[in-house]
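A quick write-up on the structure given underneath.
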Amino acid sequence: MSPFDYLAPASVDEAVSALHGAGDEARVLAGGMTLLPTMKLELAAPSLLVDLRRIAALKRIEFEQGELVIGAMTTHNEIASSALVRQHLPALAQVAGGIGDVQVRHRGTIGGSLSNNDPAADYPAACLGLDARIETTMRTLPASEFFQGLFTTALEAAEIVTAIRFRPVAKAGYAKFASQASRFALVGVFVGELDEGVRVAVTGAGNDGVMRIPTLERALAQRFDPSALPAHDIPVESLMADLHASAVYRSHLIDVMARRAVHACLGRRSPGLMRHGGFVRFEQER
Amino acid sequence: MTQASLERRVLSKPIPRREDPRLLTGGGRFVDDVGFPDMMHLAVVRSPHGHARILGIDKSAALKVDGVVDVIVPGDYPELEIPMPDILEPGTLKNPYCDLHLTNPHYVLARGKTTFQGEPVAMVVAESRHAANAGVQAVSVEYEPLPAIVCAESAMKPDAERVHEANPNAICHLQVEHGDVDAAFAGAEIVLEERLSLQRVASMAMEGRGVVAAWDPLRGELTVWSTNQVPYRLRDAIARMLDLPYEHVRIISGDIGGAFGGKGLCPEDMATAAVARRWRRPVKWIESRSENFVAVHARDQTHTVRVAARKDGTLLGMDLTLVKDVGAYNSYEMVQTTNTVNHVLSHYRVPAFRAEGWCVVTNKTEVRPTRGAGRPEAAFVMDRMLDFVAQATGIDPLELRLRNIIPAEAMPYSNGLTYRDGVPITYDGGDYPGLLKRVAETFDYAGWRRRQAQAREAGRLIGIGISSSLEAGGVGPCEGACITIDDRGRVSVAIGVNSQGQSHETTFAQVCAEYLDVPLERVRILNGDTRLMRHGFGTGASRVGVNTGNAVMLAALSLKEKIKAFAAQMLGVTADEIGLQEESAFVSAAPDRRRSFAELARIASAHRGMDPLGGPGLTATEFYYPDTVTWSSAVQMVAVEVDRETGIVGILDYVMAHDCGLPLNAMVVDGQCQGGLVQGLGAALGEAMIYDDNGQLLTGSFMDYPMLRAADVPPLKIEHLDRPTDKNPLGMRAVGEGASVSPPAALAGAVEDALHHRCRIRAMPLTPQRVFELLKEARLL
């Protein structure tokens, strides 16, 4: 790791001015679950880290004016275990509880994850599937405008995500097929039944990052049931392919995970196994 | 557990590991914990290419980096201009099958061209680790990329491009034939031919490799802290390189976080030692995980196998050709291929057998042994072929195995082959049908067949897999132990092997306490320092338990004799009138006349009476030389469910029965079995080192190389048969590798069974994507 300066300001304003003063070489530290390993591998060598961890205003979970508001520096574990989140958006608590491992969930934050926009991260699917609004130091953006491709967001220089606003929805559910190695999503499908219609958001699969699947959304709008979903409907040209999953396999997994996410929306235990190699109790009926 | 072992006081008992308090509370002392105020750091410039000519190295920019002390390129250090020695294996190699063994010199730094991605090209010495890494970035190497040779079978062709110009790529060859193979095939009702391969993996110890070297210029001595699992070989190699007496190089190897075969001699060991002497300052090199991924690989063997059988399932013969892709260098002759040949017949009678094998160099990381070392390949070949014969004959796979199994009455059994120590193979006891039946019973084989049929009606995919294995272990030449009792009755046991997690401090203390008849708390084990014993042959090949365990026993018995002789002098009787009990020697006819061990030790330290007894003190050293290896046996059965939507494989039940003879510590044996299962399952379900056509490693981090997590490991039910062997005084066999052998074979059989045998599994691993492809092939999607 190369030497760097480190600041931990107590307010958002101080953080923004520190970033303004430092130029391109400064990076925001918001948990660091991606940034720090990247620095250890010397793939990134920022001159200044502006750590947001001391800014109390960024660490909150509140229900105000009919919206669930989550501060950017709230950890995955805090979201997964929050009574408010479990009450108003249990699917979001489930997403948070399935990210990485215990250590990552206690360090990583929702704002950090969204700003990084890893194409295989879970939160982008949840935010797009729930039509969340991303509040920054400069503006408020709908999720559909915030995410702009692989590791790319609408954030400008020295702009910091401050909170994420979610409206409760009738039904929501998430199903993730994790990479056997990284445990990131090979395919993660988030389904939300919103007032304006059904949303199906997919992470891990699209070659341009998180994406919605309109054909699946229309099918579920007509009849909200796993059996309503068309099979083999995802064009493979739009999907990533790597060692762990060809585009064809990813397309297939989108079908399967979409069905399982709808099962989750309906409060049903979805059929099938989720862990490769793990112990499974034999049951006559599955 | 046997009756004999139940009567033991401490030996075999599941005593908690004495190493655990320090290791579990962060008190372990690993190589990276060693440091000196004036210590320098070494970092390595590695080839980014699989195969490239090195046109030039410009170190000028690196030398200007703040903190950089030296940049080493070929030619800079004369001591690094000699090739590194082959590692081979403990003991004298007398491979009876190998008739070709070409060696390509392996230099610390690549000379003229680089032959695999990750090969050291230059080294940087600096005041800090960061400065060393910055120096590495600043070294400019000009390469001319060459076409990479990545397929072993194409590389064998006579006109193939060469990895090393001096030799063809096929550098080793072996052959062996037993019985009339051609007649067996001519008379067979069933002949099956298959191509089966086990993939390239890596040992993946939790701790990477590392070395610290400190030179004492006034004494002319070098002290080296190292993760090496064969420390005396490292000592000898460094001493020869630096032209020092062997005693002037001391290797300290304290706590080590796993090895599994991946921690033998490496270029960085040699370079660090040379730099320490040149600069007269301590130097440290600690491997990064990224470096670890390209340092040492394992397995990567392809088999063409033919089997001849009768319609009733009786095996008549096997004809096996194997090709091992050893990567750019080959330090282990044909150890692993020979292991495959010698273990492939497993628990079964095969009257006629022929094998031919090749080791082939390619532009990949060197392959060295990892846990199992050729045996998982053997089990994969035999159990896959047995499953195919079962399919061809319609005989249940368990029944087919029982028809061909060696009966218990046939023990000791000779399979007609010769071990790599040159001794004809004899299975030293064991009850293979008993093991198989025991597993079938615990596993409830009939019940699983019933449940499988029921689930199948509901469209679910349940499968059962069976694999048997042998583990020849305890190869010599010998190990030693020196037991000393001090004047307060404390007992120390010095041994010549180090531990990478094998529990030596616990198990050998149990052996000593048992046979010296002293409380366990009195005994402590001294290890991990080449100054302790005059020689040791390394921790590997499942050899230490048998060799060192028996040496400790012999030394304890020998020390008892010495105590009796000296006590006899003190008590004015003859030695055979002396009894030993409760840490005292006494006159059998007058038990009140006694001397405690502590008292005797105090007197013996300066008493002339010790002159005929080998000198001062109550101490005894013995070496144990095994005649040849012992043969442990095991059977594993697994039931799986395949998720037909995703290709995910869930494990419903996993049972293993084994016979390792006398267990030194029942809990440690369980730990070895569970650890082996995890390693074997990892290889069965996901682990694979994958290269592209340019010799680039595509799985260079844990983001792409899947290791099992704790939650991915099913509970393992273990049945112990523990029948002592008569091949060594303790009656023990090896246990370090056996459990890792069968999982690929068992899982392949189970998944194929789950898929109604509508596809054939000929290669591993079974990743979800691979099972998805198999589901398509089986038309079950």
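Simple scheme: letters A, B, ... for chains in structure tokens order, numbers from 1 for residues in each chain, numbers from 1 for ligands in the order shown.
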
Next on the checklist: Considering only strand (DSSP E or B) as DSSP defines it on the backbone, what residues of region 77-234 of chain A qualify? List them as a VMD selection string.
Outcome noted: chain A and resid 109 133 to 136 140 to 142 147 153 161 to 166 171 to 178 185 to 194 197 to 203 206 to 207 209 211 to 212

Distance cut-off 6 Å, counting only C-alpha atoms - which residues of chain B neighbour chain A? Return them as a PDB file with C-alpha atoms, in the first residue's frame.
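New file iface.pdb:
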ATOM      1  CA  ASP B 643     -30.967 -28.831  -8.041  1.00  0.00           C
ATOM      2  CA  ILE B 648     -26.280 -26.682  -7.429  1.00  0.00           C
ATOM      3  CA  VAL B 649     -25.221 -29.879  -5.641  1.00  0.00           C
ATOM      4  CA  GLY B 650     -26.379 -30.296  -2.043  1.00  0.00           C
ATOM      5  CA  ILE B 651     -24.978 -33.011   0.194  1.00  0.00           C
ATOM      6  CA  LEU B 652     -27.532 -35.143   1.984  1.00  0.00           C
ATOM      7  CA  MET B 703     -12.469 -13.841  -6.526  1.00  0.00           C
ATOM      8  CA  ASP B 704     -12.138 -16.588  -9.146  1.00  0.00           C
ATOM      9  CA  TYR B 705     -10.733 -19.613  -7.301  1.00  0.00           C
ATOM     10  CA  PRO B 706     -13.466 -21.009  -5.074  1.00  0.00           C
ATOM     11  CA  ASP B 712     -20.258 -25.422   2.535  1.00  0.00           C
ATOM     12  CA  VAL B 713     -18.946 -28.448   4.373  1.00  0.00           C
ATOM     13  CA  PRO B 714     -21.406 -31.144   5.354  1.00  0.00           C
TER      14      PRO B 714
END

Checklist entry - Can you tell me, as a list in words, what residues are no more than 12 Å from Glu64 (chain A) when counting only C-alpha atoms, ignoring any on the same chain fewer than 3 positions away? => result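 Neighbouring residues, sequence-local ones excluded: Arg60, Ile61, Glu67, Leu68, Val69, Ile70, Leu84, His88, Arg165, Phe166, Arg167 and Pro168 of chain A.
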
Export C-alpha atoms of the chosen residues as a PDB file, in the first residue's frame?
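The resulting file, again_36.pdb, is shown below:
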ATOM      1  CA  ARG A  60     -29.344   6.812  10.527  1.00  0.00           C
ATOM      2  CA  ILE A  61     -32.408   4.757   9.766  1.00  0.00           C
ATOM      3  CA  GLU A  67     -40.517   6.948   3.542  1.00  0.00           C
ATOM      4  CA  LEU A  68     -37.747   4.844   4.928  1.00  0.00           C
ATOM      5  CA  VAL A  69     -34.603   6.991   4.982  1.00  0.00           C
ATOM      6  CA  ILE A  70     -31.260   5.315   5.381  1.00  0.00           C
ATOM      7  CA  LEU A  84     -37.722  -0.310  11.116  1.00  0.00           C
ATOM      8  CA  HIS A  88     -41.389  -1.505   6.324  1.00  0.00           C
ATOM      9  CA  ARG A 165     -35.041   7.092   0.396  1.00  0.00           C
ATOM     10  CA  PHE A 166     -37.346   4.101  -0.044  1.00  0.00           C
ATOM     11  CA  ARG A 167     -41.119   4.065  -0.261  1.00  0.00           C
ATOM     12  CA  PRO A 168     -42.683   0.966   1.209  1.00  0.00           C
TER      13      PRO A 168
END

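Distance check against Gly261 (chain B) using only C-alpha atoms: of B:Arg368, B:His343, B:Arg403, B:Arg240, the minimum falls on B:Arg368.
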
Item to check | helix (DSSP H, G or I) positions in region 440-601 of chain B, given as a ChimeraX atom specification | outcome: /B:440-443,445-457,504-516,520-522,544-571,575-577,597-601

Checklist entry - Contacts of region 15-21 of chain A at 10 Å or less, counting only C-alpha atoms, minus same-chain residues fewer than 4 places along, as a PyMOL selection string? => result chain A and resi 7-11+25-28+48-52+55+137+157-160

Please dump the current selection as a short mmCIF file (atom, residue, chain, number, x, y, z; two decimals), in the first residue's frame; keep C-alpha atoms.
data_model
loop_
_atom_site.label_atom_id
_atom_site.label_comp_id
_atom_site.auth_asym_id
_atom_site.auth_seq_id
_atom_site.Cartn_x
_atom_site.Cartn_y
_atom_site.Cartn_z
CA LEU A 7 -8.91 12.83 7.13
CA ALA A 8 -11.96 11.93 9.16
CA PRO A 9 -14.09 15.09 9.19
CA ALA A 10 -17.06 15.44 11.51
CA SER A 11 -19.43 17.00 8.99
CA GLU A 25 -6.28 11.85 -6.21
CA ALA A 26 -8.65 12.00 -3.24
CA ARG A 27 -11.09 9.20 -2.50
CA VAL A 28 -14.01 8.91 -0.12
CA LEU A 48 -5.94 11.38 0.39
CA LEU A 49 -8.67 9.32 2.01
CA VAL A 50 -11.64 11.26 3.36
CA ASP A 51 -13.25 8.90 5.85
CA LEU A 52 -16.94 9.54 6.48
CA ILE A 55 -20.18 11.98 10.42
CA THR A 137 -24.68 16.63 -1.30
CA ALA A 157 -16.30 15.12 -8.31
CA ALA A 158 -16.64 15.87 -4.60
CA GLU A 159 -20.30 14.81 -4.61
CA ILE A 160 -21.16 12.43 -1.78
#

Checklist entry - Which neighbours of Gly204 (chain A) fall inside 6 Å, counting only C-alpha atoms, when residues of the same chain fewer than 4 positions from it are skipped, and could you give them as number ranges by chain? => result A: 119-120, 185-187

Let's have the selection written as a PDB file, in the first residue's frame, with N, CA and C atoms.
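Wrote it out as selection24.pdb, contents follow:
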ATOM      1  N   PRO A 119     -20.940  -4.089 -10.661  1.00  0.00           N
ATOM      2  CA  PRO A 119     -22.013  -4.718 -11.440  1.00  0.00           C
ATOM      3  C   PRO A 119     -22.561  -5.999 -10.806  1.00  0.00           C
ATOM      4  N   ALA A 120     -21.896  -6.512  -9.782  1.00  0.00           N
ATOM      5  CA  ALA A 120     -22.392  -7.720  -9.136  1.00  0.00           C
ATOM      6  C   ALA A 120     -22.845  -7.458  -7.705  1.00  0.00           C
ATOM      7  N   ALA A 185     -23.008 -11.601  -6.544  1.00  0.00           N
ATOM      8  CA  ALA A 185     -24.092 -12.187  -7.323  1.00  0.00           C
ATOM      9  C   ALA A 185     -23.605 -12.537  -8.729  1.00  0.00           C
ATOM     10  N   LEU A 186     -23.738 -13.809  -9.117  1.00  0.00           N
ATOM     11  CA  LEU A 186     -23.619 -14.153 -10.543  1.00  0.00           C
ATOM     12  C   LEU A 186     -24.879 -13.647 -11.222  1.00  0.00           C
ATOM     13  N   VAL A 187     -25.975 -13.845 -10.517  1.00  0.00           N
ATOM     14  CA  VAL A 187     -27.256 -13.290 -10.925  1.00  0.00           C
ATOM     15  C   VAL A 187     -28.040 -13.013  -9.639  1.00  0.00           C
TER      16      VAL A 187
END

Item to check | For region 661-663 of chain B: contacts at 12 Å, only C-alpha atoms, fewer than 6 positions along chain excluded, given as a PyMOL selection string | outcome: chain B and resi 1-6+8+10-15+428-431+471+473+507-508+510-511+545-546+549-550+630-634+669-673+720-736

If you keep N, CA and C atoms, can you produce a file of those selected residues as a short mmCIF file (atom, residue, chain, number, x, y, z; two decimals), in the first residue's frame?
data_model
loop_
_atom_site.label_atom_id
_atom_site.label_comp_id
_atom_site.auth_asym_id
_atom_site.auth_seq_id
_atom_site.Cartn_x
_atom_site.Cartn_y
_atom_site.Cartn_z
N MET B 1 -12.50 -48.25 18.10
CA MET B 1 -11.16 -48.33 18.67
C MET B 1 -10.91 -49.75 19.18
N THR B 2 -9.68 -50.20 19.09
CA THR B 2 -9.39 -51.57 19.47
C THR B 2 -9.31 -51.71 20.99
N GLN B 3 -9.42 -52.93 21.45
CA GLN B 3 -9.26 -53.20 22.88
C GLN B 3 -7.91 -52.71 23.37
N ALA B 4 -6.90 -53.03 22.57
CA ALA B 4 -5.54 -52.69 22.98
C ALA B 4 -5.43 -51.20 23.27
N SER B 5 -6.05 -50.38 22.41
CA SER B 5 -5.88 -48.94 22.61
C SER B 5 -6.75 -48.44 23.75
N LEU B 6 -7.86 -49.10 24.01
CA LEU B 6 -8.70 -48.69 25.13
C LEU B 6 -7.97 -48.84 26.46
N ARG B 8 -4.98 -48.20 26.94
CA ARG B 8 -3.88 -47.23 27.08
C ARG B 8 -4.28 -46.09 28.00
N VAL B 10 -2.80 -42.69 28.03
CA VAL B 10 -2.91 -41.39 27.36
C VAL B 10 -2.88 -41.52 25.84
N LEU B 11 -2.16 -42.51 25.35
CA LEU B 11 -2.04 -42.64 23.91
C LEU B 11 -3.41 -42.92 23.32
N SER B 12 -3.69 -42.35 22.15
CA SER B 12 -4.96 -42.53 21.43
C SER B 12 -6.09 -41.67 21.97
N LYS B 13 -5.98 -41.20 23.19
CA LYS B 13 -7.09 -40.47 23.80
C LYS B 13 -7.30 -39.13 23.07
N PRO B 14 -8.54 -38.67 23.03
CA PRO B 14 -8.83 -37.41 22.32
C PRO B 14 -8.47 -36.19 23.17
N ILE B 15 -7.20 -36.09 23.52
CA ILE B 15 -6.74 -34.98 24.37
C ILE B 15 -6.72 -33.69 23.55
N ASP B 428 -0.57 -54.38 4.34
CA ASP B 428 -0.28 -54.96 5.66
C ASP B 428 -1.56 -55.06 6.49
N GLY B 429 -2.44 -55.93 6.09
CA GLY B 429 -3.66 -56.13 6.88
C GLY B 429 -4.74 -55.16 6.47
N GLY B 430 -5.78 -55.11 7.27
CA GLY B 430 -6.95 -54.34 6.89
C GLY B 430 -8.05 -55.27 6.45
N ASP B 431 -9.29 -54.79 6.51
CA ASP B 431 -10.45 -55.61 6.15
C ASP B 431 -11.31 -54.77 5.22
N GLU B 471 -3.90 -45.46 1.29
CA GLU B 471 -2.92 -44.43 1.55
C GLU B 471 -1.65 -45.10 2.05
N GLY B 473 1.70 -44.74 3.40
CA GLY B 473 2.34 -43.62 4.09
C GLY B 473 3.43 -44.10 5.01
N THR B 507 0.50 -35.05 20.04
CA THR B 507 0.50 -36.50 19.80
C THR B 507 1.79 -37.16 20.27
N PHE B 508 2.94 -36.51 20.01
CA PHE B 508 4.19 -37.16 20.39
C PHE B 508 4.41 -37.09 21.91
N GLN B 510 1.94 -37.55 23.88
CA GLN B 510 1.15 -38.70 24.31
C GLN B 510 1.95 -40.00 24.18
N VAL B 511 2.68 -40.15 23.07
CA VAL B 511 3.48 -41.36 22.88
C VAL B 511 4.52 -41.46 23.99
N GLY B 545 3.97 -39.23 11.47
CA GLY B 545 3.34 -40.02 12.53
C GLY B 545 4.04 -41.35 12.71
N VAL B 546 4.20 -42.08 11.61
CA VAL B 546 4.81 -43.41 11.67
C VAL B 546 6.28 -43.31 12.06
N GLY B 549 6.69 -41.01 15.47
CA GLY B 549 5.94 -41.67 16.54
C GLY B 549 6.68 -42.89 17.05
N ASN B 550 7.15 -43.71 16.14
CA ASN B 550 7.87 -44.91 16.56
C ASN B 550 9.24 -44.57 17.15
N THR B 630 3.32 -48.33 5.14
CA THR B 630 2.15 -49.07 5.60
C THR B 630 0.96 -48.61 4.75
N TRP B 631 -0.11 -49.42 4.72
CA TRP B 631 -1.25 -49.16 3.84
C TRP B 631 -2.52 -48.92 4.67
N SER B 632 -2.89 -47.66 4.78
CA SER B 632 -4.18 -47.32 5.39
C SER B 632 -5.26 -47.49 4.33
N SER B 633 -6.47 -47.73 4.78
CA SER B 633 -7.57 -47.90 3.82
C SER B 633 -8.77 -47.12 4.29
N ALA B 634 -9.59 -46.72 3.33
CA ALA B 634 -10.78 -45.94 3.65
C ALA B 634 -11.85 -46.13 2.58
N VAL B 669 -7.01 -37.42 14.73
CA VAL B 669 -7.34 -38.26 13.58
C VAL B 669 -8.66 -37.76 12.94
N ASP B 670 -9.65 -37.47 13.77
CA ASP B 670 -10.90 -36.91 13.23
C ASP B 670 -10.62 -35.62 12.47
N GLY B 671 -9.75 -34.80 13.06
CA GLY B 671 -9.41 -33.53 12.41
C GLY B 671 -8.77 -33.74 11.06
N GLN B 672 -7.87 -34.71 10.98
CA GLN B 672 -7.24 -35.03 9.70
C GLN B 672 -8.30 -35.49 8.69
N CYS B 673 -9.24 -36.30 9.15
CA CYS B 673 -10.29 -36.80 8.24
C CYS B 673 -11.16 -35.64 7.75
N HIS B 720 -14.27 -45.55 12.66
CA HIS B 720 -12.87 -45.94 12.77
C HIS B 720 -12.78 -47.45 12.97
N LEU B 721 -11.98 -48.13 12.13
CA LEU B 721 -11.74 -49.55 12.39
C LEU B 721 -10.46 -49.78 13.19
N ASP B 722 -9.46 -48.96 12.92
CA ASP B 722 -8.26 -48.91 13.78
C ASP B 722 -7.68 -50.27 14.12
N ARG B 723 -7.37 -51.06 13.09
CA ARG B 723 -6.71 -52.35 13.37
C ARG B 723 -5.21 -52.16 13.28
N PRO B 724 -4.50 -52.34 14.40
CA PRO B 724 -3.06 -52.07 14.38
C PRO B 724 -2.33 -52.94 13.35
N THR B 725 -1.31 -52.36 12.74
CA THR B 725 -0.48 -53.12 11.82
C THR B 725 0.67 -53.74 12.63
N ASP B 726 1.23 -54.81 12.09
CA ASP B 726 2.41 -55.37 12.77
C ASP B 726 3.69 -54.87 12.09
N LYS B 727 3.56 -53.85 11.27
CA LYS B 727 4.72 -53.36 10.50
C LYS B 727 5.60 -52.39 11.27
N ASN B 728 5.09 -51.87 12.39
CA ASN B 728 5.95 -51.00 13.22
C ASN B 728 5.54 -51.18 14.68
N PRO B 729 6.44 -50.84 15.60
CA PRO B 729 6.17 -51.12 17.01
C PRO B 729 4.88 -50.50 17.54
N LEU B 730 4.53 -49.30 17.07
CA LEU B 730 3.32 -48.66 17.57
C LEU B 730 2.05 -49.24 16.95
N GLY B 731 2.19 -49.90 15.81
CA GLY B 731 1.01 -50.47 15.15
C GLY B 731 0.19 -49.45 14.40
N MET B 732 0.84 -48.36 14.00
CA MET B 732 0.07 -47.29 13.35
C MET B 732 0.32 -47.20 11.86
N ARG B 733 -0.68 -46.62 11.17
CA ARG B 733 -0.53 -46.32 9.75
C ARG B 733 -0.70 -44.81 9.56
N ALA B 734 -0.58 -44.38 8.32
CA ALA B 734 -0.65 -42.95 8.02
C ALA B 734 -2.10 -42.48 7.98
N VAL B 735 -2.31 -41.18 8.25
CA VAL B 735 -3.67 -40.66 8.24
C VAL B 735 -3.77 -39.26 7.63
N GLY B 736 -2.64 -38.71 7.22
CA GLY B 736 -2.65 -37.31 6.80
C GLY B 736 -3.36 -37.02 5.49
#

Next on the checklist: So the first atom is CA of Ile462 (chain B) and the second is CA of Val640 (chain B); what is the distance between them in Å, to one decimal place?
Outcome noted: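 So the two atoms, CA of Ile462 (chain B) and CA of Val640 (chain B), lie 5.6 Å apart.
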
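For the atom pair formed by CA of Thr103 (chain B) and CA of Gly327 (chain B), the distance is 13.0 Å, given to one decimal.
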
Next on the checklist: Env of Asp195 (chain A): 9 Å cut, atoms = only C-alpha atoms, seq-sep filter 3 positions within chain, self excluded. Answer as a list in words.
Outcome noted: Val169, Ala170 and Val198 of chain A

Checklist entry - How many Å lie between CA of Glu144 (chain B) and CA of Leu42 (chain B), rounded to one decimal? => result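 These two atoms are separated by 26.3 Å.
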
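Nearest to His757 (chain B) of all the residues B:Met610, B:Leu774, B:Leu436, B:Met553 is B:Leu774, counting only C-alpha atoms.
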
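Here the question is which of B:Asp243, B:Asp269, B:Asp383, B:Glu165 gets nearest to Pro743 (chain B) using only C-alpha atoms, and that residue is B:Asp383.
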